[in-house]
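See below for target_1.cif, which holds mmCIF, C-alpha atoms.
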data_run
loop_
_atom_site.group_PDB
_atom_site.id
_atom_site.type_symbol
_atom_site.label_atom_id
_atom_site.label_comp_id
_atom_site.auth_asym_id
_atom_site.auth_seq_id
_atom_site.Cartn_x
_atom_site.Cartn_y
_atom_site.Cartn_z
ATOM 1 C CA MET O 1 5.942 14.814 2.857
ATOM 2 C CA ALA O 2 7.021 11.908 5.068
ATOM 3 C CA ALA O 3 6.953 12.375 8.808
ATOM 4 C CA ALA O 4 10.028 11.558 10.824
ATOM 5 C CA THR O 5 9.984 7.833 11.409
ATOM 6 C CA PRO O 6 12.245 5.417 13.194
ATOM 7 C CA ARG O 7 14.811 3.724 11.051
ATOM 8 C CA SER O 8 14.731 -0.033 11.306
ATOM 9 C CA SER O 9 17.141 -2.640 10.025
ATOM 10 C CA TRP O 10 17.271 -6.383 9.819
ATOM 11 C CA GLY O 11 20.052 -8.496 11.219
ATOM 12 C CA SER O 12 21.649 -11.839 10.455
ATOM 13 C CA GLY O 13 21.053 -13.477 7.120
ATOM 14 C CA THR O 14 19.620 -10.339 5.536
ATOM 15 C CA PRO O 15 21.554 -7.580 3.835
ATOM 16 C CA ASP O 16 21.485 -4.339 5.789
ATOM 17 C CA ILE O 17 18.042 -2.984 4.936
ATOM 18 C CA VAL O 18 16.986 0.342 6.395
ATOM 19 C CA VAL O 19 13.382 1.534 6.477
ATOM 20 C CA GLY O 20 12.923 5.280 6.621
ATOM 21 C CA PRO O 21 11.377 8.328 4.955
ATOM 22 C CA LEU O 22 11.328 8.211 1.168
ATOM 23 C CA ASP O 23 11.181 11.099 -1.284
ATOM 24 C CA LEU O 24 8.909 9.077 -3.538
ATOM 25 C CA ALA O 25 8.569 11.818 -6.148
ATOM 26 C CA ALA O 26 12.352 11.820 -6.640
ATOM 27 C CA ARG O 27 12.542 8.006 -6.723
ATOM 28 C CA VAL O 28 9.227 7.201 -8.418
ATOM 29 C CA ASP O 29 10.814 5.328 -11.332
ATOM 30 C CA GLU O 30 12.889 3.177 -8.981
ATOM 31 C CA ALA O 31 9.815 2.453 -6.847
ATOM 32 C CA LEU O 32 7.744 1.543 -9.885
ATOM 33 C CA ALA O 33 10.494 -0.824 -11.041
ATOM 34 C CA VAL O 34 10.126 -2.635 -7.691
ATOM 35 C CA GLN O 35 6.344 -2.653 -8.120
ATOM 36 C CA ALA O 36 6.641 -3.984 -11.683
ATOM 37 C CA LEU O 37 8.758 -6.914 -10.470
ATOM 38 C CA ALA O 38 6.574 -7.620 -7.439
ATOM 39 C CA PHE O 39 3.268 -7.179 -9.266
ATOM 40 C CA GLY O 40 4.107 -8.132 -12.854
ATOM 41 C CA LEU O 41 3.309 -4.813 -14.542
ATOM 42 C CA SER O 42 3.771 -3.952 -18.205
ATOM 43 C CA GLN O 43 5.530 -0.751 -19.279
ATOM 44 C CA GLU O 44 2.148 0.737 -20.192
ATOM 45 C CA GLU O 45 0.807 0.023 -16.684
ATOM 46 C CA ILE O 46 3.954 1.533 -15.141
ATOM 47 C CA ASP O 47 3.485 4.712 -17.176
ATOM 48 C CA VAL O 48 -0.131 5.069 -15.986
ATOM 49 C CA ARG O 49 0.807 4.392 -12.364
ATOM 50 C CA ARG O 50 3.630 6.958 -12.474
ATOM 51 C CA HIS O 51 1.097 9.745 -13.077
ATOM 52 C CA ILE O 52 -1.193 8.384 -10.346
ATOM 53 C CA VAL O 53 1.625 8.236 -7.780
ATOM 54 C CA LEU O 54 2.787 11.766 -8.543
ATOM 55 C CA ARG O 55 -0.789 13.076 -8.294
ATOM 56 C CA HIS O 56 -1.274 11.341 -4.921
ATOM 57 C CA LEU O 57 1.925 12.895 -3.608
ATOM 58 C CA ASP O 58 0.360 16.349 -4.001
ATOM 59 C CA HIS O 59 -1.804 15.540 -0.969
ATOM 60 C CA PRO O 60 -0.260 17.319 2.055
ATOM 61 C CA GLN O 61 -0.749 14.267 4.311
ATOM 62 C CA ALA O 62 0.657 11.678 1.906
ATOM 63 C CA ARG O 63 3.300 9.524 3.584
ATOM 64 C CA ALA O 64 5.981 7.377 1.937
ATOM 65 C CA LEU O 65 8.615 5.064 3.344
ATOM 66 C CA GLY O 66 11.301 3.100 1.595
ATOM 67 C CA ALA O 67 13.367 0.039 2.373
ATOM 68 C CA THR O 68 16.896 0.660 1.187
ATOM 69 C CA ALA O 69 19.790 -1.786 0.868
ATOM 70 C CA ALA O 70 23.314 -0.876 1.981
ATOM 71 C CA ASP O 71 24.218 -0.053 -1.636
ATOM 72 C CA GLY O 72 21.394 2.529 -1.752
ATOM 73 C CA ARG O 73 19.083 0.389 -3.882
ATOM 74 C CA LEU O 74 15.372 0.720 -3.103
ATOM 75 C CA VAL O 75 14.061 -2.797 -2.365
ATOM 76 C CA GLY O 76 10.605 -1.894 -1.063
ATOM 77 C CA PHE O 77 8.242 0.994 -0.518
ATOM 78 C CA VAL O 78 4.880 1.920 0.887
ATOM 79 C CA TYR O 79 2.806 5.028 0.533
ATOM 80 C CA GLY O 80 -0.624 6.136 1.532
ATOM 81 C CA LEU O 81 -2.810 9.047 2.495
ATOM 82 C CA PRO O 82 -5.986 9.825 4.408
ATOM 83 C CA ASN O 83 -8.999 8.565 2.479
ATOM 84 C CA ASP O 84 -11.185 11.046 0.637
ATOM 85 C CA ARG O 85 -14.569 9.810 -0.576
ATOM 86 C CA THR O 86 -14.230 11.954 -3.713
ATOM 87 C CA HIS O 87 -11.054 10.149 -4.869
ATOM 88 C CA TRP O 88 -11.400 7.618 -7.664
ATOM 89 C CA TRP O 89 -10.539 4.579 -5.502
ATOM 90 C CA SER O 90 -13.228 5.453 -2.958
ATOM 91 C CA THR O 91 -15.875 5.976 -5.625
ATOM 92 C CA VAL O 92 -15.150 2.515 -7.037
ATOM 93 C CA VAL O 93 -15.120 0.629 -3.708
ATOM 94 C CA GLU O 94 -17.975 2.500 -1.988
ATOM 95 C CA PRO O 95 -20.847 0.508 -3.566
ATOM 96 C CA TYR O 96 -19.148 -2.768 -2.615
ATOM 97 C CA LEU O 97 -18.611 -1.565 0.959
ATOM 98 C CA ARG O 98 -22.184 -0.275 1.156
ATOM 99 C CA ALA O 99 -23.440 -3.731 0.095
ATOM 100 C CA THR O 100 -21.664 -5.280 3.108
ATOM 101 C CA GLY O 101 -22.569 -2.475 5.533
ATOM 102 C CA SER O 102 -18.916 -1.393 5.706
ATOM 103 C CA GLN O 103 -19.053 2.016 4.001
ATOM 104 C CA GLY O 104 -18.149 3.745 7.294
ATOM 105 C CA TRP O 105 -14.607 2.466 6.817
ATOM 106 C CA LEU O 106 -14.136 5.139 4.145
ATOM 107 C CA ASP O 107 -14.187 7.827 6.848
ATOM 108 C CA ASP O 108 -11.255 8.578 9.160
ATOM 109 C CA SER O 109 -9.106 5.967 7.408
ATOM 110 C CA PHE O 110 -5.544 5.926 6.142
ATOM 111 C CA VAL O 111 -5.405 4.210 2.747
ATOM 112 C CA ILE O 112 -2.398 2.055 1.971
ATOM 113 C CA THR O 113 -2.160 2.961 -1.687
ATOM 114 C CA GLU O 114 0.829 0.804 -2.572
ATOM 115 C CA LEU O 115 3.063 -1.625 -0.677
ATOM 116 C CA HIS O 116 5.642 -3.589 -2.642
ATOM 117 C CA VAL O 117 8.844 -5.436 -1.862
ATOM 118 C CA HIS O 118 11.321 -6.661 -4.467
ATOM 119 C CA PRO O 119 10.807 -10.429 -4.915
ATOM 120 C CA GLU O 120 14.381 -11.192 -3.775
ATOM 121 C CA PHE O 121 13.649 -9.495 -0.430
ATOM 122 C CA GLN O 122 10.147 -10.799 0.282
ATOM 123 C CA GLN O 123 9.306 -12.966 3.314
ATOM 124 C CA ARG O 124 11.881 -11.147 5.484
ATOM 125 C CA GLY O 125 9.621 -8.795 7.449
ATOM 126 C CA ILE O 126 10.285 -5.765 5.266
ATOM 127 C CA GLY O 127 6.669 -5.346 4.159
ATOM 128 C CA ARG O 128 5.494 -5.692 7.767
ATOM 129 C CA CYS O 129 7.925 -2.998 8.919
ATOM 130 C CA LEU O 130 6.937 -0.661 6.090
ATOM 131 C CA ILE O 131 3.185 -0.887 6.669
ATOM 132 C CA THR O 132 3.309 -0.746 10.475
ATOM 133 C CA THR O 133 5.677 2.212 10.447
ATOM 134 C CA VAL O 134 3.651 4.247 7.948
ATOM 135 C CA THR O 135 0.332 3.554 9.698
ATOM 136 C CA ASP O 136 1.800 4.341 13.139
ATOM 137 C CA ALA O 137 2.367 7.899 11.874
ATOM 138 C CA ALA O 138 -1.074 8.214 10.226
ATOM 139 C CA GLY O 139 -2.905 9.779 13.163
ATOM 140 C CA LEU O 140 -6.180 8.097 12.192
ATOM 141 C CA PRO O 141 -8.157 5.329 13.927
ATOM 142 C CA ARG O 142 -8.084 2.825 11.061
ATOM 143 C CA SER O 143 -6.527 1.794 7.781
ATOM 144 C CA ILE O 144 -7.974 0.389 4.572
ATOM 145 C CA LEU O 145 -6.431 -1.096 1.450
ATOM 146 C CA SER O 146 -7.240 -3.231 -1.558
ATOM 147 C CA ALA O 147 -5.440 -6.414 -2.551
ATOM 148 C CA ILE O 148 -5.977 -8.950 -5.293
ATOM 149 C CA ASP O 149 -8.752 -11.241 -4.051
ATOM 150 C CA THR O 150 -6.769 -14.450 -3.825
ATOM 151 C CA GLU O 151 -4.985 -16.223 -1.023
ATOM 152 C CA SER O 152 -1.448 -14.863 -1.167
ATOM 153 C CA PRO O 153 1.434 -14.012 1.156
ATOM 154 C CA ALA O 154 0.303 -10.362 1.008
ATOM 155 C CA ARG O 155 -3.224 -11.205 2.163
ATOM 156 C CA GLY O 156 -1.733 -13.404 4.898
ATOM 157 C CA LEU O 157 0.410 -10.502 6.095
ATOM 158 C CA TYR O 158 -2.563 -8.146 6.129
ATOM 159 C CA ARG O 159 -4.626 -10.606 8.158
ATOM 160 C CA ALA O 160 -1.758 -11.108 10.633
ATOM 161 C CA LEU O 161 -1.703 -7.323 11.112
ATOM 162 C CA GLY O 162 -5.444 -7.233 11.876
ATOM 163 C CA TYR O 163 -6.930 -6.435 8.475
ATOM 164 C CA GLN O 164 -10.252 -8.128 7.748
ATOM 165 C CA ASP O 165 -12.153 -8.463 4.502
ATOM 166 C CA LEU O 166 -14.730 -5.690 4.161
ATOM 167 C CA ALA O 167 -15.754 -6.505 0.573
ATOM 168 C CA ARG O 168 -14.616 -9.113 -1.937
ATOM 169 C CA GLN O 169 -14.768 -9.508 -5.697
ATOM 170 C CA VAL O 170 -14.346 -5.753 -6.146
ATOM 171 C CA LEU O 171 -13.883 -4.938 -9.818
ATOM 172 C CA PHE O 172 -11.696 -1.993 -10.814
ATOM 173 C CA PRO O 173 -11.981 -0.747 -14.408
ATOM 174 C CA SER O 174 -9.234 -2.304 -16.552
ATOM 175 C CA ALA O 175 -7.986 -4.565 -13.717
ATOM 176 C CA PRO O 176 -7.859 -8.163 -14.927
ATOM 177 C CA LYS O 177 -8.529 -9.688 -11.488
ATOM 178 C CA PRO O 178 -11.013 -8.874 -8.714
ATOM 179 C CA TYR O 179 -9.798 -7.266 -5.492
ATOM 180 C CA ALA O 180 -10.718 -7.463 -1.824
ATOM 181 C CA VAL O 181 -11.029 -4.326 0.287
ATOM 182 C CA MET O 182 -9.610 -4.879 3.775
ATOM 183 C CA GLY O 183 -9.678 -2.752 6.918
ATOM 184 C CA ALA O 184 -7.923 -2.770 10.294
ATOM 185 C CA PRO O 185 -8.030 -0.643 13.424
ATOM 186 C CA LEU O 186 -4.845 1.290 14.178
ATOM 187 C CA PRO O 187 -2.328 0.671 15.525
ATOM 188 C CA LEU O 188 -1.866 -2.522 13.547
ATOM 189 C CA ARG O 189 -1.498 -5.775 15.435
ATOM 190 C CA ARG O 190 2.063 -6.780 16.262
ATOM 191 C CA GLY O 191 3.210 -10.348 16.600
#
Turn the structure described in the file into C-alpha cells.
Amino acid sequence: MAAATPRSSWGSGTPDIVVGPLDLAARVDEALAVQALAFGLSQEEIDVRRHIVLRHLDHPQARALGATAADGRLVGFVYGLPNDRTHWWSTVVEPYLRATGSQGWLDDSFVITELHVHPEFQQRGIGRCLITTVTDAAGLPRSILSAIDTESPARGLYRALGYQDLARQVLFPSAPKPYAVMGAPLPLRRG
C-alpha cells in the first residue's frame, strides 16, 4: 500500500524518530490511540473511525506513513488517497466548495485523510515530515484536507506548507465543531 519513501529522523533533543512506510491496517489500533490523544476522541468515536480507516485502506492508491520511536512505538501517522467525488467526504464538502468557486479542487487531488502526532511529540517537525513525505509520493498536482475551523498549530502548519482556506464553517454530520477545507499545490512548500 505505501510507496517506498525516504526514512527521516530527527537529531539532538528528540528521541530517535523514524518516518517511513506504515502498514496501517496492521497497526490501526495503535494509530487510533495516537489520534484519540491528539484529537480527544471517545471510545465510540475510535470504534467508528477504525471501520472508516480500514475501508479507506482498500483503495489501491492509499498511502500511509508512520513516525516510530526507537522503542518501536508509533508516535504519529498520516494517510491519504486520491480524492473521489463519490466518497462521503467529497459529497459533504462539495456544496461548500461550490459556494466559494473552489469545487475544482476535488479533482486531481490527494486527500490528507488523517494526520496526527502524539501530544508529547508535537512541535518537533514530525507532522511536517509526515505530510510532505506522503504528498511527495502522491503523483497528483494538489492536495486537500479538512481541519477544525479554529486557529491552531495544525492550521498554522498547513498554511506554512502552502495550504489555503477553500471553504470555512463546513459542517460534517455528528461533528461538534465546524471545519475548514484547505488546499495546496504539490509539492508542498518547504521552509
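Using all atoms listed in the file, the nearest neighbour of Ile112 in chain O within the list O:Tyr179, O:Tyr158, O:Phe172, O:Phe39 is O:Tyr158.
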### Exercise: range 58-66 of chain O partners within 6 Å, all atoms listed in the file, chain neighbours under 2 positions left out, as an MDAnalysis selection string
chainID O and resid 1:2 19:22 55:56 76:81
### Task
List, as an NGL selection string, every residue that the PyMOL selection byres ((chain O and resi 104) around 12) selects in the file provided.
:O and (83 or 85 or 90 or 93-103 or 105-109 or 142-144 or 166 or 183)
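Across O:Ala38, O:Val53, O:Ala26, O:Glu120, the tightest approach to Ala69 in chain O is made by O:Glu120 when counting all atoms listed in the file.
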### Interatomic distance, CA of Leu186 in chain O to CA of Cys129 in chain O (Å, one decimal)
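Atom-to-atom, CA of Leu186 in chain O to CA of Cys129 in chain O, that is 14.5 Å.
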### Query
Near Ala67 in chain O, within 12 Å and counting all atoms listed in the file, which residues show up once chain neighbours fewer than 3 positions away are dropped, as a PyMOL selection string?
chain O and resi 7-10+15-24+30-31+34+64+70-79+115-118+121-122+124-131+133-134
### Query
If you measure from CA of Ser146 in chain O to CA of Phe110 in chain O, what distance in Å do you get, rounded to one decimal?
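Those two atoms sit 12.1 Å apart.
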### Query
From the list O:Ala180, O:Leu171, O:Pro187, O:Arg159, which residue is nearest Thr91 in chain O when using all atoms listed in the file?
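Nearest to Thr91 in chain O: O:Leu171.
Reported to one decimal place, the separation of CA of Ala147 in chain O from CA of Arg168 in chain O is 9.6 Å.
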### Task
Would you mind telling me which residue in O:Met182, O:Leu145, O:Leu41, O:Val170 lies nearest to Pro82 in chain O when using all atoms listed in the file?
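Going through O:Met182, O:Leu145, O:Leu41, O:Val170 one by one, the smallest distance to Pro82 in chain O is for O:Leu145.
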### Query
Any idea what's packed within 12 Å of Ala160 in chain O, counting all atoms listed in the file, ignoring anything in its chain fewer than 6 positions away? Could you give it as a ChimeraX atom specification?
/O:128,132,153-154,184,188-191
### Message
Please determine, counting all atoms listed in the file, which residue among O:Pro185, O:Thr150, O:Pro176, O:Asp29 has the shortest atom-to-atom distance to Gly162 in chain O.
### Response
O:Pro185
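Nearest residue to Arg49 in chain O among O:Gln164, O:Thr113, O:Thr135, O:Thr68 is O:Thr113, counting all atoms listed in the file.
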What would range 162-173 of chain O look like with all heavy atoms restored, written as a compact mmCIF listing (two decimals), in the frame of the given file?
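Writing done, so here's rebuild-v3.txt:
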# COMPACT_ATOMS: atom_id res chain seq x y z
N GLY O 162 -4.12 -7.60 11.40
CA GLY O 162 -5.44 -7.23 11.88
C GLY O 162 -6.43 -6.81 10.81
O GLY O 162 -7.57 -6.47 11.12
N TYR O 163 -6.01 -6.79 9.56
CA TYR O 163 -6.93 -6.44 8.48
C TYR O 163 -7.93 -7.57 8.28
O TYR O 163 -7.58 -8.74 8.34
CB TYR O 163 -6.19 -6.20 7.16
CG TYR O 163 -5.44 -4.89 7.10
CD1 TYR O 163 -4.11 -4.81 7.51
CD2 TYR O 163 -6.05 -3.74 6.62
CE1 TYR O 163 -3.41 -3.61 7.45
CE2 TYR O 163 -5.36 -2.54 6.56
CZ TYR O 163 -4.05 -2.48 6.97
OH TYR O 163 -3.37 -1.29 6.91
N GLN O 164 -9.18 -7.18 8.04
CA GLN O 164 -10.25 -8.13 7.75
C GLN O 164 -10.90 -7.74 6.42
O GLN O 164 -10.92 -6.56 6.06
CB GLN O 164 -11.31 -8.10 8.85
CG GLN O 164 -10.79 -8.53 10.20
CD GLN O 164 -11.87 -8.42 11.26
OE1 GLN O 164 -13.06 -8.38 10.97
NE2 GLN O 164 -11.45 -8.37 12.51
N ASP O 165 -11.45 -8.74 5.75
CA ASP O 165 -12.15 -8.46 4.50
C ASP O 165 -13.40 -7.64 4.78
O ASP O 165 -14.22 -8.00 5.63
CB ASP O 165 -12.56 -9.76 3.82
CG ASP O 165 -11.38 -10.55 3.27
OD1 ASP O 165 -10.29 -9.96 3.12
OD2 ASP O 165 -11.55 -11.75 2.99
N LEU O 166 -13.54 -6.53 4.08
CA LEU O 166 -14.73 -5.69 4.16
C LEU O 166 -15.63 -5.92 2.95
O LEU O 166 -16.84 -5.80 3.04
CB LEU O 166 -14.34 -4.22 4.24
CG LEU O 166 -13.43 -3.82 5.41
CD1 LEU O 166 -13.01 -2.36 5.27
CD2 LEU O 166 -14.12 -4.07 6.73
N ALA O 167 -15.03 -6.21 1.80
CA ALA O 167 -15.75 -6.50 0.57
C ALA O 167 -14.82 -7.33 -0.31
O ALA O 167 -13.61 -7.10 -0.31
CB ALA O 167 -16.18 -5.24 -0.14
N ARG O 168 -15.41 -8.27 -1.04
CA ARG O 168 -14.62 -9.11 -1.94
C ARG O 168 -15.18 -9.03 -3.35
O ARG O 168 -16.28 -8.53 -3.56
CB ARG O 168 -14.64 -10.55 -1.43
CG ARG O 168 -13.99 -10.63 -0.04
CD ARG O 168 -13.70 -12.01 0.40
NE ARG O 168 -12.73 -12.63 -0.50
CZ ARG O 168 -12.48 -13.94 -0.49
NH1 ARG O 168 -13.10 -14.74 0.34
NH2 ARG O 168 -11.60 -14.45 -1.34
N GLN O 169 -14.39 -9.52 -4.28
CA GLN O 169 -14.77 -9.51 -5.70
C GLN O 169 -15.06 -8.09 -6.18
O GLN O 169 -16.00 -7.86 -6.95
CB GLN O 169 -15.95 -10.45 -5.95
CG GLN O 169 -15.65 -11.91 -5.61
CD GLN O 169 -14.55 -12.49 -6.50
OE1 GLN O 169 -14.67 -12.51 -7.71
NE2 GLN O 169 -13.44 -12.93 -5.88
N VAL O 170 -14.24 -7.15 -5.73
CA VAL O 170 -14.35 -5.75 -6.15
C VAL O 170 -13.67 -5.62 -7.51
O VAL O 170 -12.52 -6.02 -7.67
CB VAL O 170 -13.68 -4.82 -5.11
CG1 VAL O 170 -13.68 -3.38 -5.59
CG2 VAL O 170 -14.37 -4.96 -3.76
N LEU O 171 -14.39 -5.07 -8.45
CA LEU O 171 -13.88 -4.94 -9.82
C LEU O 171 -13.48 -3.49 -10.09
O LEU O 171 -14.31 -2.59 -9.99
CB LEU O 171 -14.94 -5.39 -10.82
CG LEU O 171 -15.39 -6.84 -10.66
CD1 LEU O 171 -16.54 -7.14 -11.62
CD2 LEU O 171 -14.23 -7.80 -10.88
N PHE O 172 -12.20 -3.30 -10.41
CA PHE O 172 -11.70 -1.99 -10.81
C PHE O 172 -11.66 -1.96 -12.34
O PHE O 172 -11.26 -2.94 -12.96
CB PHE O 172 -10.29 -1.74 -10.25
CG PHE O 172 -10.26 -1.50 -8.78
CD1 PHE O 172 -9.92 -2.53 -7.91
CD2 PHE O 172 -10.56 -0.26 -8.25
CE1 PHE O 172 -9.89 -2.31 -6.54
CE2 PHE O 172 -10.52 -0.03 -6.89
CZ PHE O 172 -10.19 -1.05 -6.03
N PRO O 173 -12.05 -0.84 -12.94
CA PRO O 173 -11.98 -0.75 -14.41
C PRO O 173 -10.56 -1.07 -14.89
O PRO O 173 -9.58 -0.64 -14.31
CB PRO O 173 -12.33 0.72 -14.69
CG PRO O 173 -13.12 1.14 -13.49
CD PRO O 173 -12.55 0.38 -12.33
